[in-house]
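Contents: one structure, followed by commentary.
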Amino acid sequence: MQAEPQAFDRVLSSMCTEPHPVAREAAERFLATNPGDPGTYPTISALEDDAIAILGEIAGLEEPAGYLASGGTEANIQAMRIARERADTDRPNVVMPESGHFSFRKAADLLEIELRIVPTDEDHRADLEAVRACVDDDTAAVVGVAGTTEYGRVDPIPELAEIAHEVGATCHVDAAWGGFVLPFTDYEWNFAHAPIDTMAIDPHKMGQAAVPAGGLLVRSSDLLDELAVDTPYLESTSQATLTGTRSGAGVASAVAAMEELWPGGYRTQYVRSQNNAEWLADALEKRGYEVVDPTLPLVAADVPRSTFDALRGRGWRISRTATGELRVVCMPHVTRKMLAAFVADLDRLEVRASVPVVADD
């Protein structure tokens, strides 16, 4: 096969990035191992324990438990499965802000859970009063997002956890993207900040591991018992993961990346990405666009559809929010040079659009 993968030099809206070199090398070495069969593959099983330990340190969890999933979608589904199994009701519902990831819709469909979506406030964060009004005795989980996919916002996690526990529900935090930048901010988002129960946190996003490498963390290992099924033909007796066979590539690459970069390398990368986001936001504001303040390394701006389409036509891999803004995620592969080239293309398009068309006589 002669096909080549997508280059990253014009990718501006993906929440995945080029793996760190040590992560790439580790993924290749462990490609054919299966952490789903720890009796046969003890080395990768031990590495998964290491991965959960480091993720726990990142997320403020003193006695971490969980596993390496395929990504945030699987982790979110599994967290909702835990919540459903623990709920004392035949009609479980889950309450989440409208900024929640679409994976929760998949979870609701698969698990036959009612999904109650509440509005966000003027800063695109979960509206606490709306959440309070929506929960009831049948609520199995309340979801908060720590780094939303559209605006990079962090919900008021401690308050959401309090609301959840008042009605006997679990509190789940989706930090799939934000989990590797939030440790270097003042936000309250993790297990040390609030009595949250479960968390999605993905090494293959800002953590710079190879895809797939997501993470499901739980406050107490007994929460995983809600997921466990017997595995009679394996050397291990039970399994709590959603997928059975998993490539060890994601596990090994996650450990390699985190050992290489936590905490100093990730701190440096966060500062660089945040500076790039603020530079781009300033550049767009100076050109007259309305920009959502980038509180994390993500920029949203009201670039017109015609301009957006023209930028896509020039090869820029960009996306839009649900309400139509241009969305740029300043991932580790996004450089200031890339952003300057993007803005230069934007300027050329705007100049062209402003030149009047003269009709032929």
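Here's how to read the names in the structure tokens: chain A, B, ... by the order shown, residue numbers from 1 in each chain, ligand numbers from 1 in the order shown.
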Considering only C-alpha atoms, return as a ChimeraX atom specification whatever protein or nucleic-acid residues lie within 10 Å of Thr245 of chain A, sequence-local ones (same chain, fewer than 5 positions apart) excluded. /A:33-37
Can I get the selection written as a short mmCIF file (atom, residue, chain, number, x, y, z; two decimals), in the first residue's frame, with C-alpha atoms?
```
data_model
loop_
_atom_site.label_atom_id
_atom_site.label_comp_id
_atom_site.auth_asym_id
_atom_site.auth_seq_id
_atom_site.Cartn_x
_atom_site.Cartn_y
_atom_site.Cartn_z
CA THR A 33 0.16 -7.55 22.88
CA ASN A 34 -3.28 -7.74 24.50
CA PRO A 35 -3.90 -6.15 27.91
CA GLY A 36 -7.33 -7.79 27.81
CA ASP A 37 -5.57 -11.10 28.56
#
```
Closest pair table for segment 182-283 of chain A residues within 12 Å of segment 129-142 of chain A, only C-alpha atoms, as JSON lines:
```
{"residue": "A:Ile196", "atom": "CA", "partner": "A:Val142", "partner_atom": "CA", "distance": 9.8}
{"residue": "A:Asp197", "atom": "CA", "partner": "A:Ala141", "partner_atom": "CA", "distance": 9.6}
{"residue": "A:Thr198", "atom": "CA", "partner": "A:Ala141", "partner_atom": "CA", "distance": 10.1}
{"residue": "A:Met199", "atom": "CA", "partner": "A:Val142", "partner_atom": "CA", "distance": 11.9}
```
Min atom-atom distance to Leu55 of chain A from the set A:Arg84, A:Val173, A:Ser13, A:Val255, counting only C-alpha atoms, belongs to A:Val255
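Counting only C-alpha atoms, the residue from A:Val167, A:Val218, A:Arg305, A:Leu227 that sits nearest to Ala87 of chain A is A:Val167.
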Can you tell me which residues surround segment 312-314 of chain A at a distance of at most 10 Å, considering only C-alpha atoms, apart from same-chain residues fewer than 4 positions away, and format the answer as number ranges by chain? A: 10, 306-308, 318-319, 342, 345
When DSSP is applied to the backbone of this structure, which of segment 83-265 of chain A are assigned helix (DSSP H, G or I)? Write them out as a VMD selection string. chain A and resid 83 to 86 103 to 111 128 to 134 157 to 166 178 to 180 182 to 184 221 to 226 248 to 261 264 to 265
Selection: 10 Å around Thr241 of chain A, only C-alpha atoms, excl. self and same-chain fewer than 3 positions, as a VMD selection string: chain A and resid 36 66 to 69 74 to 75 78 216 224 227 to 229 238 244 to 246
File of the preceding selection, all heavy atoms, as a short mmCIF file (atom, residue, chain, number, x, y, z; two decimals), in the first residue's frame:
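Listing of out.cif after writing:
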```
data_model
loop_
_atom_site.label_atom_id
_atom_site.label_comp_id
_atom_site.auth_asym_id
_atom_site.auth_seq_id
_atom_site.Cartn_x
_atom_site.Cartn_y
_atom_site.Cartn_z
N GLY A 36 -6.09 -7.14 27.45
CA GLY A 36 -7.33 -7.79 27.81
C GLY A 36 -7.13 -9.23 28.28
O GLY A 36 -8.07 -9.85 28.78
N GLY A 66 -8.86 1.95 37.41
CA GLY A 66 -9.44 2.18 36.11
C GLY A 66 -8.76 1.35 35.06
O GLY A 66 -8.12 0.34 35.37
N TYR A 67 -8.87 1.78 33.83
CA TYR A 67 -8.19 1.05 32.75
C TYR A 67 -8.01 1.98 31.56
O TYR A 67 -8.61 3.05 31.48
CB TYR A 67 -8.94 -0.23 32.37
CG TYR A 67 -10.21 -0.04 31.56
CD1 TYR A 67 -10.18 -0.06 30.17
CD2 TYR A 67 -11.45 0.11 32.18
CE1 TYR A 67 -11.32 0.07 29.42
CE2 TYR A 67 -12.61 0.24 31.43
CZ TYR A 67 -12.54 0.22 30.05
OH TYR A 67 -13.69 0.36 29.30
N LEU A 68 -7.16 1.55 30.61
CA LEU A 68 -6.92 2.31 29.39
C LEU A 68 -7.94 1.89 28.35
O LEU A 68 -7.97 0.72 27.92
CB LEU A 68 -5.50 2.06 28.87
CG LEU A 68 -4.43 3.08 29.27
CD1 LEU A 68 -4.64 4.39 28.58
CD2 LEU A 68 -4.42 3.28 30.78
N ALA A 69 -8.79 2.81 27.96
CA ALA A 69 -9.86 2.57 27.01
C ALA A 69 -9.44 3.02 25.62
O ALA A 69 -8.33 3.50 25.40
CB ALA A 69 -11.13 3.31 27.45
N GLU A 74 -15.59 5.61 24.87
CA GLU A 74 -15.71 4.37 25.65
C GLU A 74 -15.72 4.68 27.15
O GLU A 74 -16.52 4.10 27.90
CB GLU A 74 -14.56 3.41 25.33
CG GLU A 74 -14.64 2.12 26.11
CD GLU A 74 -13.50 1.17 25.84
OE1 GLU A 74 -12.84 1.29 24.77
OE2 GLU A 74 -13.25 0.28 26.68
N ALA A 75 -14.85 5.57 27.59
CA ALA A 75 -14.81 5.91 29.02
C ALA A 75 -16.13 6.52 29.48
O ALA A 75 -16.63 6.19 30.57
CB ALA A 75 -13.65 6.87 29.29
N GLN A 78 -18.78 3.75 29.68
CA GLN A 78 -18.55 2.89 30.83
C GLN A 78 -18.92 3.59 32.15
O GLN A 78 -19.46 2.96 33.07
CB GLN A 78 -17.10 2.44 30.87
CG GLN A 78 -16.73 1.43 29.80
CD GLN A 78 -17.29 0.05 30.09
OE1 GLN A 78 -18.47 -0.20 29.91
NE2 GLN A 78 -16.43 -0.85 30.55
N LEU A 216 -10.19 5.65 31.67
CA LEU A 216 -11.31 5.70 32.60
C LEU A 216 -10.74 5.58 34.01
O LEU A 216 -10.09 4.57 34.33
CB LEU A 216 -12.30 4.57 32.35
CG LEU A 216 -13.41 4.42 33.41
CD1 LEU A 216 -14.34 5.64 33.39
CD2 LEU A 216 -14.20 3.14 33.21
N LEU A 224 -15.56 -0.50 39.61
CA LEU A 224 -15.30 -1.35 38.45
C LEU A 224 -16.05 -2.67 38.55
O LEU A 224 -16.29 -3.33 37.53
CB LEU A 224 -13.81 -1.61 38.31
CG LEU A 224 -12.93 -0.40 37.98
CD1 LEU A 224 -11.46 -0.81 37.94
CD2 LEU A 224 -13.34 0.24 36.65
N LEU A 227 -18.92 -3.27 36.33
CA LEU A 227 -18.65 -3.56 34.92
C LEU A 227 -18.17 -4.98 34.68
O LEU A 227 -18.11 -5.44 33.53
CB LEU A 227 -17.59 -2.60 34.38
CG LEU A 227 -17.82 -1.10 34.57
CD1 LEU A 227 -16.60 -0.33 34.09
CD2 LEU A 227 -19.07 -0.66 33.82
N ALA A 228 -17.79 -5.68 35.74
CA ALA A 228 -17.07 -6.94 35.59
C ALA A 228 -17.97 -8.07 35.07
O ALA A 228 -19.13 -8.20 35.47
CB ALA A 228 -16.46 -7.34 36.93
N VAL A 229 -17.40 -8.86 34.16
CA VAL A 229 -18.04 -10.09 33.69
C VAL A 229 -17.03 -11.23 33.84
O VAL A 229 -15.82 -11.01 33.80
CB VAL A 229 -18.50 -9.97 32.22
CG1 VAL A 229 -19.57 -8.91 32.07
CG2 VAL A 229 -17.31 -9.66 31.30
N SER A 238 -12.10 -12.38 35.59
CA SER A 238 -13.14 -11.43 35.20
C SER A 238 -12.52 -10.28 34.42
O SER A 238 -11.29 -10.11 34.40
CB SER A 238 -13.88 -10.89 36.42
OG SER A 238 -13.03 -10.10 37.21
N GLY A 244 -12.89 -6.46 24.60
CA GLY A 244 -12.12 -7.58 25.15
C GLY A 244 -10.67 -7.46 24.74
O GLY A 244 -9.82 -6.98 25.50
N THR A 245 -10.37 -7.88 23.53
CA THR A 245 -9.01 -7.73 23.01
C THR A 245 -8.72 -6.26 22.76
O THR A 245 -9.50 -5.55 22.13
CB THR A 245 -8.86 -8.51 21.69
OG1 THR A 245 -9.10 -9.89 21.94
CG2 THR A 245 -7.46 -8.34 21.13
N ARG A 246 -7.60 -5.81 23.29
CA ARG A 246 -7.14 -4.44 23.06
C ARG A 246 -5.66 -4.49 22.69
O ARG A 246 -4.92 -5.29 23.24
CB ARG A 246 -7.28 -3.59 24.33
CG ARG A 246 -8.69 -3.34 24.80
CD ARG A 246 -8.70 -2.59 26.13
NE ARG A 246 -8.28 -3.43 27.25
CZ ARG A 246 -7.53 -3.03 28.27
NH1 ARG A 246 -7.08 -1.78 28.30
NH2 ARG A 246 -7.22 -3.85 29.24
#
```
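Proximity to Pro212 of chain A at 9 Å, evaluated using only C-alpha atoms and with sequence-adjacent residues fewer than 6 positions away removed, yields Ala69, Ser70, Gly71, Asp202, Pro203, His204, Ser247, Ala249, Gly250 and Val251 of chain A.
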Give me a file of those residues, with all heavy atoms, as a tab-separated table (two decimals), in the first residue's frame.
```
chain	number	residue	atom	x	y	z
A	69	ALA	N	-8.79	2.81	27.96
A	69	ALA	CA	-9.86	2.57	27.01
A	69	ALA	C	-9.44	3.02	25.62
A	69	ALA	O	-8.33	3.50	25.40
A	69	ALA	CB	-11.13	3.31	27.45
A	70	SER	N	-10.35	2.88	24.67
A	70	SER	CA	-10.06	3.32	23.31
A	70	SER	C	-10.13	4.83	23.18
A	70	SER	O	-9.59	5.40	22.22
A	70	SER	CB	-11.05	2.67	22.32
A	70	SER	OG	-12.38	3.01	22.67
A	71	GLY	N	-10.79	5.50	24.11
A	71	GLY	CA	-10.90	6.95	24.05
A	71	GLY	C	-11.99	7.44	24.97
A	71	GLY	O	-12.57	6.67	25.75
A	202	ASP	N	-7.90	11.41	28.40
A	202	ASP	CA	-7.31	10.73	27.25
A	202	ASP	C	-5.84	11.07	27.02
A	202	ASP	O	-5.51	12.20	26.59
A	202	ASP	CB	-8.07	11.10	25.98
A	202	ASP	CG	-9.42	10.40	25.89
A	202	ASP	OD1	-9.75	9.64	26.81
A	202	ASP	OD2	-10.11	10.61	24.89
A	203	PRO	N	-4.94	10.12	27.20
A	203	PRO	CA	-3.54	10.36	26.84
A	203	PRO	C	-3.33	10.62	25.35
A	203	PRO	O	-2.33	11.24	24.97
A	203	PRO	CB	-2.84	9.06	27.27
A	203	PRO	CG	-3.69	8.51	28.36
A	203	PRO	CD	-5.10	8.86	27.95
A	204	HIS	N	-4.23	10.15	24.48
A	204	HIS	CA	-3.99	10.34	23.05
A	204	HIS	C	-4.44	11.71	22.54
A	204	HIS	O	-4.37	11.98	21.34
A	204	HIS	CB	-4.60	9.22	22.20
A	204	HIS	CG	-6.09	9.19	22.13
A	204	HIS	ND1	-6.79	8.02	21.90
A	204	HIS	CD2	-7.05	10.14	22.23
A	204	HIS	CE1	-8.09	8.26	21.86
A	204	HIS	NE2	-8.27	9.56	22.05
A	247	SER	N	-5.24	-3.66	21.77
A	247	SER	CA	-3.82	-3.60	21.45
A	247	SER	C	-3.06	-2.94	22.60
A	247	SER	O	-3.50	-1.92	23.13
A	247	SER	CB	-3.58	-2.83	20.16
A	247	SER	OG	-2.18	-2.64	19.96
A	249	ALA	N	-0.54	-1.33	22.22
A	249	ALA	CA	0.13	-0.14	21.68
A	249	ALA	C	-0.29	1.12	22.42
A	249	ALA	O	0.55	1.96	22.78
A	249	ALA	CB	-0.15	0.00	20.19
A	250	GLY	N	-1.60	1.26	22.64
A	250	GLY	CA	-2.08	2.46	23.32
A	250	GLY	C	-1.58	2.54	24.75
A	250	GLY	O	-1.20	3.61	25.23
A	251	VAL	N	-1.59	1.42	25.45
A	251	VAL	CA	-1.13	1.39	26.84
A	251	VAL	C	0.35	1.76	26.92
A	251	VAL	O	0.76	2.64	27.69
A	251	VAL	CB	-1.36	0.00	27.45
A	251	VAL	CG1	-0.71	-0.09	28.83
A	251	VAL	CG2	-2.84	-0.31	27.53
```
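Comparing the minimum interatomic distances between Ala322 of chain A and each of A:Asp90, A:Asp309, A:Asp121, A:Glu150, counting only C-alpha atoms, we find that A:Glu150 sits nearest.
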I need the strand (DSSP E or B) residues of segment 22-202 of chain A per DSSP on the backbone, written as a ChimeraX atom specification. /A:65-69,93-97,114-118,120,126,139-146,154,170-174,198-200
Could you list, as an MDAnalysis selection string, every residue within 12 Å of Leu110 of chain A, counting only C-alpha atoms and ignoring same-chain residues fewer than 2 positions away? chainID A and resid 74 76:78 80:81 84 103:108 112:115
For the residues in the current selection, export C-alpha atoms as a PDB file, in the first residue's frame.
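The result, written out as selection_0.pdb:
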```pdb
ATOM      1  CA  GLU A  74     -15.706   4.374  25.654  1.00  0.00           C
ATOM      2  CA  ASN A  76     -17.993   7.986  29.042  1.00  0.00           C
ATOM      3  CA  ILE A  77     -20.146   4.991  28.117  1.00  0.00           C
ATOM      4  CA  GLN A  78     -18.554   2.892  30.832  1.00  0.00           C
ATOM      5  CA  MET A  80     -22.702   5.816  32.541  1.00  0.00           C
ATOM      6  CA  ARG A  81     -22.901   2.040  32.794  1.00  0.00           C
ATOM      7  CA  ARG A  84     -26.907   2.901  35.842  1.00  0.00           C
ATOM      8  CA  SER A 103     -20.788  10.161  23.201  1.00  0.00           C
ATOM      9  CA  PHE A 104     -23.332  10.538  25.994  1.00  0.00           C
ATOM     10  CA  ARG A 105     -26.094  10.272  23.413  1.00  0.00           C
ATOM     11  CA  LYS A 106     -24.568   6.962  22.359  1.00  0.00           C
ATOM     12  CA  ALA A 107     -24.421   5.874  25.994  1.00  0.00           C
ATOM     13  CA  ALA A 108     -28.064   6.798  26.563  1.00  0.00           C
ATOM     14  CA  GLU A 112     -31.555   2.782  27.708  1.00  0.00           C
ATOM     15  CA  ILE A 113     -31.008   5.790  29.955  1.00  0.00           C
ATOM     16  CA  GLU A 114     -32.981   9.007  29.689  1.00  0.00           C
ATOM     17  CA  LEU A 115     -30.582  11.812  28.830  1.00  0.00           C
TER      18      LEU A 115
END
```
Write out as a list in words the residues lying within 9 Å of Gly152 of chain A, counting only C-alpha atoms and excluding same-chain residues fewer than 4 positions away. Ala146, Gly147, Thr148, Trp177, Gly178, Pro294, Thr295, Leu296, Pro297, Leu298, Val299 and Val329 of chain A
Print the selection's residues with N, CA, C and O atoms to a file, as a PDB file, in the first residue's frame.
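Saved as selection.pdb:
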```
ATOM      1  N   ALA A 146     -14.750  19.103  31.830  1.00  0.00           N
ATOM      2  CA  ALA A 146     -13.541  19.865  32.165  1.00  0.00           C
ATOM      3  C   ALA A 146     -12.718  20.046  30.899  1.00  0.00           C
ATOM      4  O   ALA A 146     -11.779  19.298  30.634  1.00  0.00           O
ATOM      5  N   GLY A 147     -13.138  21.033  30.113  1.00  0.00           N
ATOM      6  CA  GLY A 147     -12.521  21.290  28.818  1.00  0.00           C
ATOM      7  C   GLY A 147     -13.469  20.909  27.704  1.00  0.00           C
ATOM      8  O   GLY A 147     -13.317  19.872  27.056  1.00  0.00           O
ATOM      9  N   THR A 148     -14.495  21.734  27.457  1.00  0.00           N
ATOM     10  CA  THR A 148     -15.514  21.387  26.471  1.00  0.00           C
ATOM     11  C   THR A 148     -14.942  21.409  25.063  1.00  0.00           C
ATOM     12  O   THR A 148     -14.008  22.147  24.754  1.00  0.00           O
ATOM     13  N   TRP A 177     -10.187  15.824  26.883  1.00  0.00           N
ATOM     14  CA  TRP A 177      -9.227  16.751  26.277  1.00  0.00           C
ATOM     15  C   TRP A 177      -8.523  17.600  27.327  1.00  0.00           C
ATOM     16  O   TRP A 177      -7.313  17.789  27.285  1.00  0.00           O
ATOM     17  N   GLY A 178      -9.249  18.098  28.298  1.00  0.00           N
ATOM     18  CA  GLY A 178      -8.686  19.068  29.227  1.00  0.00           C
ATOM     19  C   GLY A 178      -7.775  18.513  30.288  1.00  0.00           C
ATOM     20  O   GLY A 178      -7.025  19.263  30.927  1.00  0.00           O
ATOM     21  N   PRO A 294     -10.382  32.560  24.896  1.00  0.00           N
ATOM     22  CA  PRO A 294      -9.800  31.220  25.033  1.00  0.00           C
ATOM     23  C   PRO A 294      -9.256  30.958  26.435  1.00  0.00           C
ATOM     24  O   PRO A 294      -8.076  31.182  26.714  1.00  0.00           O
ATOM     25  N   THR A 295     -10.103  30.465  27.324  1.00  0.00           N
ATOM     26  CA  THR A 295      -9.648  30.177  28.689  1.00  0.00           C
ATOM     27  C   THR A 295      -8.758  28.941  28.743  1.00  0.00           C
ATOM     28  O   THR A 295      -7.992  28.762  29.680  1.00  0.00           O
ATOM     29  N   LEU A 296      -8.859  28.074  27.752  1.00  0.00           N
ATOM     30  CA  LEU A 296      -7.937  26.963  27.512  1.00  0.00           C
ATOM     31  C   LEU A 296      -7.507  27.068  26.049  1.00  0.00           C
ATOM     32  O   LEU A 296      -8.017  27.927  25.319  1.00  0.00           O
ATOM     33  N   PRO A 297      -6.581  26.232  25.582  1.00  0.00           N
ATOM     34  CA  PRO A 297      -6.033  26.424  24.222  1.00  0.00           C
ATOM     35  C   PRO A 297      -7.002  26.064  23.099  1.00  0.00           C
ATOM     36  O   PRO A 297      -6.748  25.193  22.273  1.00  0.00           O
ATOM     37  N   LEU A 298      -8.111  26.767  23.032  1.00  0.00           N
ATOM     38  CA  LEU A 298      -9.123  26.555  22.004  1.00  0.00           C
ATOM     39  C   LEU A 298      -9.747  27.900  21.666  1.00  0.00           C
ATOM     40  O   LEU A 298     -10.131  28.646  22.570  1.00  0.00           O
ATOM     41  N   VAL A 299      -9.844  28.194  20.382  1.00  0.00           N
ATOM     42  CA  VAL A 299     -10.343  29.483  19.912  1.00  0.00           C
ATOM     43  C   VAL A 299     -11.604  29.270  19.071  1.00  0.00           C
ATOM     44  O   VAL A 299     -11.635  28.410  18.186  1.00  0.00           O
ATOM     45  N   VAL A 329      -8.286  24.328  17.596  1.00  0.00           N
ATOM     46  CA  VAL A 329      -7.736  23.736  18.813  1.00  0.00           C
ATOM     47  C   VAL A 329      -6.217  23.777  18.709  1.00  0.00           C
ATOM     48  O   VAL A 329      -5.639  23.205  17.785  1.00  0.00           O
TER      49      VAL A 329
END
```
Restricting to only C-alpha atoms, whichever of A:Arg29, A:Asn190, A:Arg153, A:Pro38 is closest to Asp293 of chain A is A:Arg153
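When atom CA of Asn275 of chain A is paired with atom CA of Arg287 of chain A, their separation reads 18.6 Å.
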